[in-house]
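> Here you go, this is query_24.txt (compact mmCIF, C-alpha atoms).
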```
# COMPACT_ATOMS: atom_id res chain seq x y z
CA MET T 13 -2.14 -7.17 -14.49
CA VAL T 14 1.24 -8.87 -14.94
CA ASP T 15 4.14 -7.15 -13.20
CA GLU T 16 6.87 -7.34 -15.88
CA ALA T 17 9.70 -6.72 -13.38
CA THR T 18 8.51 -9.57 -11.17
CA ILE T 19 8.18 -11.88 -14.19
CA VAL T 20 11.76 -11.11 -15.24
CA GLU T 21 13.05 -11.75 -11.71
CA GLU T 22 11.18 -15.06 -11.49
CA PHE T 23 12.56 -16.15 -14.82
CA VAL T 24 16.18 -15.28 -14.03
CA ALA T 25 15.82 -17.19 -10.75
CA LEU T 26 15.14 -20.38 -12.71
CA ALA T 27 18.83 -20.69 -13.65
CA ARG T 28 20.37 -23.28 -11.33
CA GLY T 29 23.77 -23.60 -9.69
CA LYS T 30 26.78 -21.37 -9.10
CA ALA T 31 29.12 -20.44 -11.95
CA SER T 32 32.15 -20.93 -9.71
CA ALA T 33 31.31 -24.62 -9.25
CA LEU T 34 32.05 -25.08 -12.96
CA ILE T 35 34.37 -22.26 -14.02
CA ASP T 36 36.91 -23.13 -11.30
CA PHE T 37 37.54 -26.28 -13.37
CA LEU T 38 37.24 -24.45 -16.72
CA PRO T 39 39.03 -21.10 -16.43
CA ALA T 40 38.80 -18.68 -19.34
CA PHE T 41 41.80 -17.89 -21.51
CA GLU T 42 41.90 -14.14 -22.16
CA GLU T 43 38.74 -12.12 -22.81
CA ALA T 44 35.80 -13.17 -24.97
CA VAL T 45 36.24 -12.07 -28.59
CA THR T 46 33.69 -11.21 -31.27
CA VAL T 47 34.78 -12.81 -34.54
CA PRO T 48 35.28 -10.02 -37.13
CA ASP T 49 32.34 -9.42 -39.49
CA THR T 50 30.07 -11.73 -37.47
CA SER T 51 27.78 -11.59 -34.43
CA THR T 52 29.50 -14.55 -32.75
CA LEU T 53 31.17 -14.09 -29.36
CA VAL T 54 33.83 -16.71 -28.65
CA ARG T 55 34.85 -17.68 -25.11
CA THR T 56 37.90 -19.93 -24.90
CA HIS T 57 38.34 -22.11 -21.81
CA PHE T 58 40.91 -24.71 -20.81
CA ILE T 59 40.60 -27.39 -18.14
CA ALA T 60 42.36 -26.29 -14.96
CA HIS T 61 45.33 -28.19 -13.54
CA ASP T 62 45.58 -29.49 -9.98
CA ALA T 63 48.47 -28.90 -7.57
CA ASN T 64 50.35 -31.82 -9.13
CA GLY T 65 50.19 -30.20 -12.57
CA VAL T 66 47.63 -32.68 -13.91
CA PRO T 67 44.57 -31.50 -15.89
CA ALA T 68 41.56 -31.76 -13.56
CA VAL T 69 39.50 -33.85 -15.97
CA GLU T 70 38.10 -36.01 -13.17
CA LYS T 71 36.96 -32.92 -11.24
CA LEU T 72 35.20 -31.56 -14.32
CA ALA T 73 33.61 -34.95 -14.95
CA GLY T 74 32.33 -34.96 -11.37
CA ALA T 75 30.81 -31.49 -11.72
CA MET T 76 29.10 -32.58 -14.93
CA ALA T 77 27.78 -35.84 -13.51
CA ALA T 78 26.43 -34.03 -10.45
CA ALA T 79 24.19 -31.94 -12.73
CA THR T 80 22.58 -34.93 -14.46
CA LEU T 81 19.34 -34.69 -12.51
CA ASP T 82 18.91 -30.96 -13.23
CA PHE T 83 19.60 -31.56 -16.92
CA CYS T 84 17.37 -34.56 -17.44
CA ILE T 85 14.42 -34.25 -15.07
CA PRO T 86 11.68 -31.57 -15.28
CA ARG T 87 11.49 -29.12 -12.39
CA SER T 88 7.99 -30.31 -11.45
CA LYS T 89 9.26 -33.82 -10.68
CA ILE T 90 12.22 -32.48 -8.73
CA GLN T 91 9.94 -30.23 -6.67
CA ARG T 92 7.67 -33.17 -5.83
CA ALA T 93 10.68 -35.21 -4.70
CA VAL T 94 11.93 -32.34 -2.55
CA ALA T 95 8.46 -31.96 -1.03
CA GLU T 96 8.48 -35.67 -0.16
CA LEU T 97 11.87 -35.26 1.51
CA GLU T 98 10.55 -32.34 3.57
CA GLU T 99 7.40 -34.24 4.52
CA THR T 100 8.85 -37.66 5.25
CA GLY T 101 12.59 -37.09 5.76
CA SER T 102 13.28 -39.76 3.14
CA THR T 103 15.51 -39.16 0.11
CA ALA T 104 14.04 -42.15 -1.74
CA ALA T 105 12.20 -40.05 -4.32
CA ILE T 106 15.30 -37.96 -5.06
CA VAL T 107 17.48 -41.07 -5.41
CA GLY T 108 14.86 -42.51 -7.77
CA LEU T 109 15.03 -39.42 -9.97
CA GLN T 110 18.82 -39.60 -10.02
CA GLU T 111 18.59 -43.17 -11.28
CA GLN T 112 16.08 -42.11 -13.95
CA ALA T 113 18.42 -39.34 -15.08
CA ARG T 114 21.36 -41.72 -15.31
CA ASP T 115 19.35 -44.27 -17.29
CA LEU T 116 18.28 -41.64 -19.82
CA PHE T 117 21.84 -41.31 -21.03
CA VAL T 118 22.93 -43.43 -23.95
CA LYS T 119 25.21 -46.16 -22.63
CA SER T 120 28.00 -45.47 -25.05
CA GLU T 121 31.34 -43.68 -24.76
CA SER T 122 30.68 -42.14 -28.18
CA SER T 123 27.44 -40.56 -26.98
CA GLY T 124 27.11 -36.85 -27.70
CA GLU T 125 25.13 -36.34 -24.53
CA GLY T 126 28.21 -35.57 -22.45
CA GLY T 127 28.63 -32.46 -24.56
CA GLU T 128 24.95 -31.61 -24.16
CA LEU T 129 25.32 -31.85 -20.38
CA LEU T 130 28.33 -29.51 -20.35
CA LEU T 131 26.51 -27.09 -22.64
CA PHE T 132 23.56 -27.11 -20.23
CA LEU T 133 25.88 -26.19 -17.35
CA LEU T 134 27.49 -23.37 -19.32
CA MET T 135 24.08 -21.97 -20.26
CA GLU T 136 22.55 -22.13 -16.80
CA ARG T 137 25.53 -21.39 -14.57
CA VAL T 138 27.72 -19.12 -16.68
CA LEU T 139 25.24 -17.35 -18.95
CA GLN T 140 22.31 -17.56 -16.48
CA ARG T 141 19.85 -18.65 -19.17
CA PRO T 142 17.27 -21.12 -17.83
CA GLN T 143 16.28 -24.29 -19.63
CA LEU T 144 12.88 -24.06 -21.35
CA ILE T 145 12.43 -27.78 -21.90
CA SER T 146 14.02 -30.94 -20.56
CA LYS T 147 14.38 -32.86 -23.81
CA MET T 148 16.01 -35.87 -22.17
CA ALA T 149 12.79 -36.48 -20.24
CA LEU T 150 11.01 -36.99 -23.58
CA LYS T 151 13.20 -39.93 -24.57
CA THR T 152 11.36 -43.18 -25.13
CA ASN T 153 14.45 -45.27 -25.89
CA THR T 154 17.71 -44.91 -23.91
CA ALA T 155 19.64 -46.29 -26.89
CA MET T 156 18.60 -43.32 -29.03
CA HIS T 157 19.42 -39.62 -28.95
CA VAL T 158 16.76 -36.93 -28.76
CA HIS T 159 16.16 -35.39 -32.16
CA GLY T 160 16.41 -31.68 -32.76
CA SER T 161 18.70 -29.19 -31.06
CA ASP T 162 20.80 -30.05 -28.02
CA GLY T 163 18.93 -27.66 -25.77
CA ILE T 164 16.59 -24.69 -25.68
CA HIS T 165 17.23 -21.95 -23.13
CA ALA T 166 16.14 -18.33 -22.88
CA SER T 167 16.65 -14.95 -21.29
CA LEU T 168 13.95 -12.36 -20.66
CA ALA T 169 14.89 -8.68 -20.95
CA ASP T 170 13.36 -5.76 -19.10
CA ASP T 171 12.00 -4.42 -22.40
CA GLY T 172 9.94 -7.60 -22.86
CA THR T 173 12.17 -9.27 -25.46
CA LEU T 174 12.48 -13.02 -25.05
CA ASP T 175 15.81 -14.26 -26.40
CA VAL T 176 15.54 -17.94 -27.23
CA TYR T 177 18.81 -19.85 -27.53
CA TRP T 178 19.15 -23.02 -29.54
CA GLY T 179 22.07 -25.08 -28.27
CA GLU T 180 24.47 -27.33 -30.12
CA SER T 181 27.47 -29.23 -28.74
CA LYS T 182 30.16 -31.15 -30.55
CA LEU T 183 33.02 -32.96 -28.82
CA TYR T 184 35.35 -34.29 -31.52
CA LYS T 185 38.98 -35.33 -31.74
CA SER T 186 39.54 -32.83 -34.55
CA SER T 187 38.89 -29.11 -34.07
CA SER T 188 38.12 -28.66 -37.77
CA ASP T 189 35.49 -31.40 -37.70
CA ALA T 190 34.00 -30.08 -34.45
CA PHE T 191 33.51 -26.54 -35.76
CA LYS T 192 32.11 -27.72 -39.09
CA GLU T 193 29.64 -30.20 -37.62
CA CYS T 194 28.51 -27.77 -34.92
CA PHE T 195 27.57 -24.97 -37.30
CA ASP T 196 26.13 -27.41 -39.82
CA SER T 197 23.78 -28.70 -37.10
CA ILE T 198 22.68 -25.37 -35.62
CA ALA T 199 22.39 -23.32 -38.83
CA PRO T 200 18.93 -24.65 -39.81
CA TYR T 201 17.49 -23.26 -36.54
CA LEU T 202 19.02 -19.81 -36.97
CA ARG T 203 18.57 -18.89 -40.62
CA PRO T 204 15.61 -16.72 -41.68
CA ASN T 205 14.16 -19.72 -43.53
CA GLY T 206 14.45 -21.99 -40.50
CA ASP T 207 10.81 -21.80 -39.45
CA SER T 208 10.13 -25.50 -39.97
CA LYS T 209 13.05 -26.55 -37.77
CA ARG T 210 12.18 -24.02 -35.08
CA LYS T 211 8.51 -25.02 -35.10
CA GLN T 212 9.38 -28.65 -34.35
CA ASP T 213 11.22 -27.63 -31.20
CA LEU T 214 8.78 -24.90 -30.20
CA LEU T 215 5.87 -27.34 -30.35
CA LEU T 216 7.74 -29.35 -27.73
CA VAL T 217 8.33 -26.21 -25.66
CA ARG T 218 4.63 -25.34 -25.73
CA ASP T 219 3.65 -28.84 -24.66
CA HIS T 220 6.43 -29.47 -22.14
CA LEU T 221 7.56 -26.06 -20.85
CA ASN T 222 9.92 -26.69 -17.92
CA VAL T 223 8.45 -23.95 -15.71
CA THR T 224 6.28 -24.66 -12.68
CA GLN T 225 5.07 -21.15 -11.79
CA ILE T 226 1.64 -20.87 -13.44
CA GLU T 227 1.68 -17.13 -14.13
CA LEU T 228 5.25 -17.17 -15.44
CA ALA T 229 4.53 -20.16 -17.68
CA ALA T 230 1.45 -18.48 -19.13
CA HIS T 231 3.48 -15.32 -19.80
CA LEU T 232 6.23 -17.25 -21.60
CA LEU T 233 3.83 -19.26 -23.72
CA GLU T 234 2.46 -16.04 -25.21
CA TYR T 235 5.77 -15.64 -27.06
CA PHE T 236 5.22 -18.96 -28.81
CA ASP T 237 1.64 -18.25 -29.92
CA GLU T 238 1.80 -16.97 -33.50
CA THR T 239 -1.55 -15.21 -33.05
CA ASN T 240 -0.24 -13.19 -30.09
CA PRO T 241 1.60 -9.87 -30.70
CA LYS T 242 4.18 -10.97 -28.10
CA SER T 243 5.50 -13.45 -30.66
CA LEU T 244 7.06 -10.44 -32.43
CA LYS T 245 9.31 -9.96 -29.40
CA ALA T 246 10.85 -13.44 -29.55
CA ARG T 247 14.39 -13.43 -30.97
CA TRP T 248 16.34 -16.48 -32.13
CA ASN T 249 19.97 -16.99 -31.06
CA GLY T 250 22.50 -19.77 -30.76
CA VAL T 251 24.80 -21.13 -28.06
CA CYS T 252 27.49 -23.59 -29.12
CA LEU T 253 30.03 -25.75 -27.34
CA VAL T 254 32.93 -27.01 -29.40
CA GLY T 255 35.41 -29.32 -27.66
CA PHE T 256 38.35 -31.08 -29.27
CA ASP T 257 41.68 -32.76 -28.51
CA HIS T 258 44.67 -30.46 -28.04
CA ASP T 259 48.23 -31.78 -27.85
CA ASN T 260 50.82 -30.55 -25.32
CA TYR T 261 47.98 -29.41 -23.10
CA PRO T 262 48.84 -26.07 -21.46
CA ASN T 263 48.37 -25.05 -17.85
CA ILE T 264 47.13 -21.53 -18.53
CA ALA T 265 47.69 -20.50 -14.91
CA ILE T 266 51.49 -20.67 -15.23
CA LEU T 267 52.26 -19.83 -18.86
CA ASP T 268 55.40 -17.85 -19.59
CA ASP T 269 55.34 -15.19 -22.32
CA ALA T 270 56.38 -17.55 -25.11
CA GLN T 271 53.85 -20.20 -24.09
CA ARG T 272 51.06 -17.64 -23.81
CA GLN T 273 51.90 -16.32 -27.25
CA ALA T 274 51.76 -19.85 -28.69
CA VAL T 275 48.34 -20.49 -27.12
CA SER T 276 47.10 -17.10 -28.37
CA LYS T 277 48.17 -18.02 -31.91
CA ALA T 278 46.24 -21.27 -31.69
CA VAL T 279 43.17 -19.42 -30.42
CA GLY T 280 43.51 -16.99 -33.33
CA ARG T 281 43.51 -19.90 -35.78
CA TRP T 282 40.33 -21.26 -34.19
CA HIS T 283 38.70 -17.84 -34.53
CA LYS T 284 39.54 -17.77 -38.24
CA THR T 285 38.03 -21.24 -38.65
CA VAL T 286 34.88 -20.07 -36.86
CA GLY T 287 34.59 -17.06 -39.17
CA SER T 288 34.92 -19.16 -42.31
CA ARG T 289 32.39 -21.73 -41.09
CA LEU T 290 29.87 -19.03 -40.16
CA LYS T 291 30.12 -17.66 -43.70
CA GLU T 292 29.88 -21.15 -45.17
CA PHE T 293 26.62 -21.83 -43.32
CA ASP T 294 25.24 -18.29 -43.79
CA ILE T 295 24.79 -17.39 -40.11
CA VAL T 296 27.25 -14.51 -39.73
CA GLY T 297 24.52 -12.07 -38.65
CA VAL T 298 22.94 -14.23 -35.93
CA ASN T 299 23.84 -13.73 -32.26
CA ILE T 300 25.81 -16.81 -31.21
CA ASP T 301 27.71 -17.50 -28.00
CA LEU T 302 30.46 -20.01 -28.70
CA PHE T 303 32.38 -21.84 -25.99
CA CYS T 304 35.63 -23.16 -27.42
CA ILE T 305 37.11 -25.76 -25.06
CA PRO T 306 40.29 -27.61 -26.07
CA MET T 307 40.75 -30.79 -24.02
CA PRO T 308 43.52 -33.28 -23.33
CA ASP T 309 41.30 -36.10 -24.61
CA VAL T 310 37.61 -35.71 -25.44
CA ALA T 311 36.95 -39.45 -25.28
CA ASP T 312 38.53 -39.64 -21.82
CA LEU T 313 36.25 -36.91 -20.44
CA ARG T 314 33.19 -38.60 -21.94
CA ALA T 315 34.13 -41.95 -20.39
CA ARG T 316 34.81 -40.38 -16.99
CA VAL T 317 31.42 -38.63 -16.96
CA LEU T 318 29.62 -41.88 -17.68
CA LYS T 319 31.64 -43.66 -14.99
CA ARG T 320 30.80 -40.96 -12.42
CA MET T 321 27.13 -41.39 -13.30
CA GLY T 322 27.41 -45.09 -12.61
CA ALA T 323 26.59 -46.04 -16.18
CA LYS T 324 27.69 -49.54 -17.09
```
Show how you would write the structure in this file as structure tokens.


Amino acid sequence: MVDEATIVEEFVALARGKASALIDFLPAFEEAVTVPDTSTLVRTHFIAHDANGVPAVEKLAGAMAAATLDFCIPRSKIQRAVAELEETGSTAAIVGLQEQARDLFVKSESSGEGGELLLFLLMERVLQRPQLISKMALKTNTAMHVHGSDGIHASLADDGTLDVYWGESKLYKSSSDAFKECFDSIAPYLRPNGDSKRKQDLLLVRDHLNVTQIELAAHLLEYFDETNPKSLKARWNGVCLVGFDHDNYPNIAILDDAQRQAVSKAVGRWHKTVGSRLKEFDIVGVNIDLFCIPMPDVADLRARVLKRMGAK
């Protein structure tokens, strides 16, 4: 008989990395806020500044690039490489996987995959929701993006409910464009009539579940079997990352009262935009975690991440 408590513990343990290794570079501004008349919780973060008063974009890019292997490569391959290291003392297999991960990224500064990588880190390290499938590993052409959502993660509750989170990331110059395109992309997976979209991704999850523990994997797959009563306990949710350029970039660690009030007003405007877009795309009642991250220059972060990966 399956021990539900043990299953939950094993699943939570799948989330990789420490939140501090990311959030130190992306501190939160004020508390998370639920947008009125919606089920969307917005967390606003700004890039930290270093001791010289410069936004730590390079540090954030380094933290993102360092997670490339976790994001792109299935756990089974990583475990085999670690086993080879333990057996032979050689890191060759791990280095080989790192090169594979790097090569899976589209070699373009306009690639959306930088946003997908940051979203992965926020889901695993901050929200502690493990990745169900490594979509990047399914790519057959490094010049093409993976179709479907930007990520599928989950959390398993003590009452047996499996919350599945479809991810969507948009890093745009314009905040208005970023919010609109993000919700336009994720809405088909979250609406009541989104079965066809969800099924496409869930077929991939069933065939390529990124879980190596046999008993845990079997337990999770029951939620995706429409003939199994456990499928009634699977709940659909969204996690979004919206990043955009923000002029006169603030150092939120040293704001005076007037500066803090100005930033708060801007955040309030973004919340209103979120509310209107949620209504526009008819997803006001769906549980969505939204990370709102203004940046000094979205294109600069994207380029730095690719450079830290060693992409040409």

> Have a look at T:Ser146, T:Ala27, T:Phe41, T:Asn64 and name the one nearest to Lys89 of chain T; count all atoms listed in the file.

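The shortest atom-to-atom distance to Lys89 of chain T comes from T:Ser146.
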
> What box, with edges along x, y and z, holds each listed atom of segment 304-314 of chain T when 4 Å is added on every side, and can you state its centre and edge lengths in Å to one decimal, as AutoDock Vina command-line options?


```
--center_x 38.4 --center_y -31.4 --center_z -23.9 --size_x 18.3 --size_y 24.5 --size_z 15.0
```

> Could you tell me which of T:Ser167, T:Asn299, T:Ser276, T:Ser161 comes closest to Val47 of chain T if we count all atoms listed in the file?

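Using all atoms listed in the file, the shortest distance to Val47 of chain T belongs to T:Asn299.
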
> So that I can check the surroundings of Arg289 of chain T, please list as JSON, numbers by chain every protein, DNA and RNA residue that reaches within 9 Å of it, counting all atoms listed in the file and ignoring chain neighbours fewer than 3 positions away.

{"T": [191, 192, 195, 196, 284, 285, 286, 292, 293, 294, 295, 296]}

> Env of Gly255 of chain T: 7 Å cut, atoms = all atoms listed in the file, seq-sep filter 4 positions within chain, self excluded. Answer as a list in words.

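Final neighbour list, sorted by chain and number: Lys182, Leu183, Tyr184, Ala190, Cys304, Ile305, Pro306 and Met307 of chain T.
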
> Could you give me, as a PDB file with C-alpha atoms, in the frame of the given file, the residues within 12 Å of Ala68 of chain T, counting all atoms listed in the file and dropping anything in the same chain fewer than 3 positions from it?


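Contents of the output file out_10.pdb:
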```
ATOM      1  CA  LEU T  34      32.050 -25.080 -12.960  1.00  0.00           C
ATOM      2  CA  ILE T  35      34.370 -22.260 -14.020  1.00  0.00           C
ATOM      3  CA  ASP T  36      36.910 -23.130 -11.300  1.00  0.00           C
ATOM      4  CA  PHE T  37      37.540 -26.280 -13.370  1.00  0.00           C
ATOM      5  CA  LEU T  38      37.240 -24.450 -16.720  1.00  0.00           C
ATOM      6  CA  PRO T  39      39.030 -21.100 -16.430  1.00  0.00           C
ATOM      7  CA  PHE T  58      40.910 -24.710 -20.810  1.00  0.00           C
ATOM      8  CA  ILE T  59      40.600 -27.390 -18.140  1.00  0.00           C
ATOM      9  CA  ALA T  60      42.360 -26.290 -14.960  1.00  0.00           C
ATOM     10  CA  HIS T  61      45.330 -28.190 -13.540  1.00  0.00           C
ATOM     11  CA  ASP T  62      45.580 -29.490  -9.980  1.00  0.00           C
ATOM     12  CA  ALA T  63      48.470 -28.900  -7.570  1.00  0.00           C
ATOM     13  CA  ASN T  64      50.350 -31.820  -9.130  1.00  0.00           C
ATOM     14  CA  GLY T  65      50.190 -30.200 -12.570  1.00  0.00           C
ATOM     15  CA  LYS T  71      36.960 -32.920 -11.240  1.00  0.00           C
ATOM     16  CA  LEU T  72      35.200 -31.560 -14.320  1.00  0.00           C
ATOM     17  CA  ALA T  73      33.610 -34.950 -14.950  1.00  0.00           C
ATOM     18  CA  GLY T  74      32.330 -34.960 -11.370  1.00  0.00           C
ATOM     19  CA  ALA T  75      30.810 -31.490 -11.720  1.00  0.00           C
ATOM     20  CA  TYR T 261      47.980 -29.410 -23.100  1.00  0.00           C
ATOM     21  CA  ASN T 263      48.370 -25.050 -17.850  1.00  0.00           C
ATOM     22  CA  MET T 307      40.750 -30.790 -24.020  1.00  0.00           C
ATOM     23  CA  PRO T 308      43.520 -33.280 -23.330  1.00  0.00           C
ATOM     24  CA  ASP T 309      41.300 -36.100 -24.610  1.00  0.00           C
ATOM     25  CA  ASP T 312      38.530 -39.640 -21.820  1.00  0.00           C
ATOM     26  CA  LEU T 313      36.250 -36.910 -20.440  1.00  0.00           C
ATOM     27  CA  ARG T 316      34.810 -40.380 -16.990  1.00  0.00           C
TER      28      ARG T 316
END
```

> Identify which of the residues T:Ile145, T:Val317, T:Ile266, T:Leu302 lies closest to Glu70 of chain T, counting all atoms listed in the file when measuring atom-to-atom distances.

T:Val317

> Tell me, as a list of chain:residue names, which residues lie within 9 Å of Cys84 of chain T, counting all atoms listed in the file; anything in the same chain fewer than 2 positions away does not count.

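Listed by chain and then number, they are T:Ala79, T:Thr80, T:Leu81, T:Asp82, T:Pro86, T:Gln112, T:Ala113, T:Arg114, T:Leu116, T:Phe117, T:Leu129, T:Ser146, T:Lys147, T:Met148, T:Ala149.
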
> Using Å and a single decimal, report how far atom CA of Gln273 of chain T sits from atom CA of Ser51 of chain T.

25.6 Å

> Of the residues T:Ser186, T:Ser102, T:Asn222, T:Thr52, which is the one nearest to Pro142 of chain T, using only C-alpha atoms?

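Result for the nearest residue to Pro142 of chain T: T:Asn222.
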
> For a test of reading the model, state the distance in Å between atom CA of Thr46 of chain T and atom CA of Leu253 of chain T, rounded to one decimal.

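Calculated distance between atom CA of Thr46 of chain T and atom CA of Leu253 of chain T is 15.5 Å.
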
> Kindly provide, as a ChimeraX atom specification, the polymer residues lying within 6 Å of (13.1, -37.3, -7.5), counting all atoms listed in the file and using the coordinates exactly as they appear in the file.

/T:90,93,105-106,108-109

> With distances taken over all atoms listed in the file, which of T:Ala104, T:His57, T:Asp207, T:Asp171 is nearest to Lys245 of chain T?

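For Lys245 of chain T, the nearest of the candidates is T:Asp171.
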
> What's the separation between atom CA of Asp213 of chain T and atom CA of Leu53 of chain T, in Å to one decimal place?

24.2 Å

> Which of these, T:Gly172, T:Pro48, T:Pro67, T:Gly127, has the shortest distance to Ala246 of chain T once you count only C-alpha atoms?

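Answer, going by the shortest atom-to-atom distance: T:Gly172.
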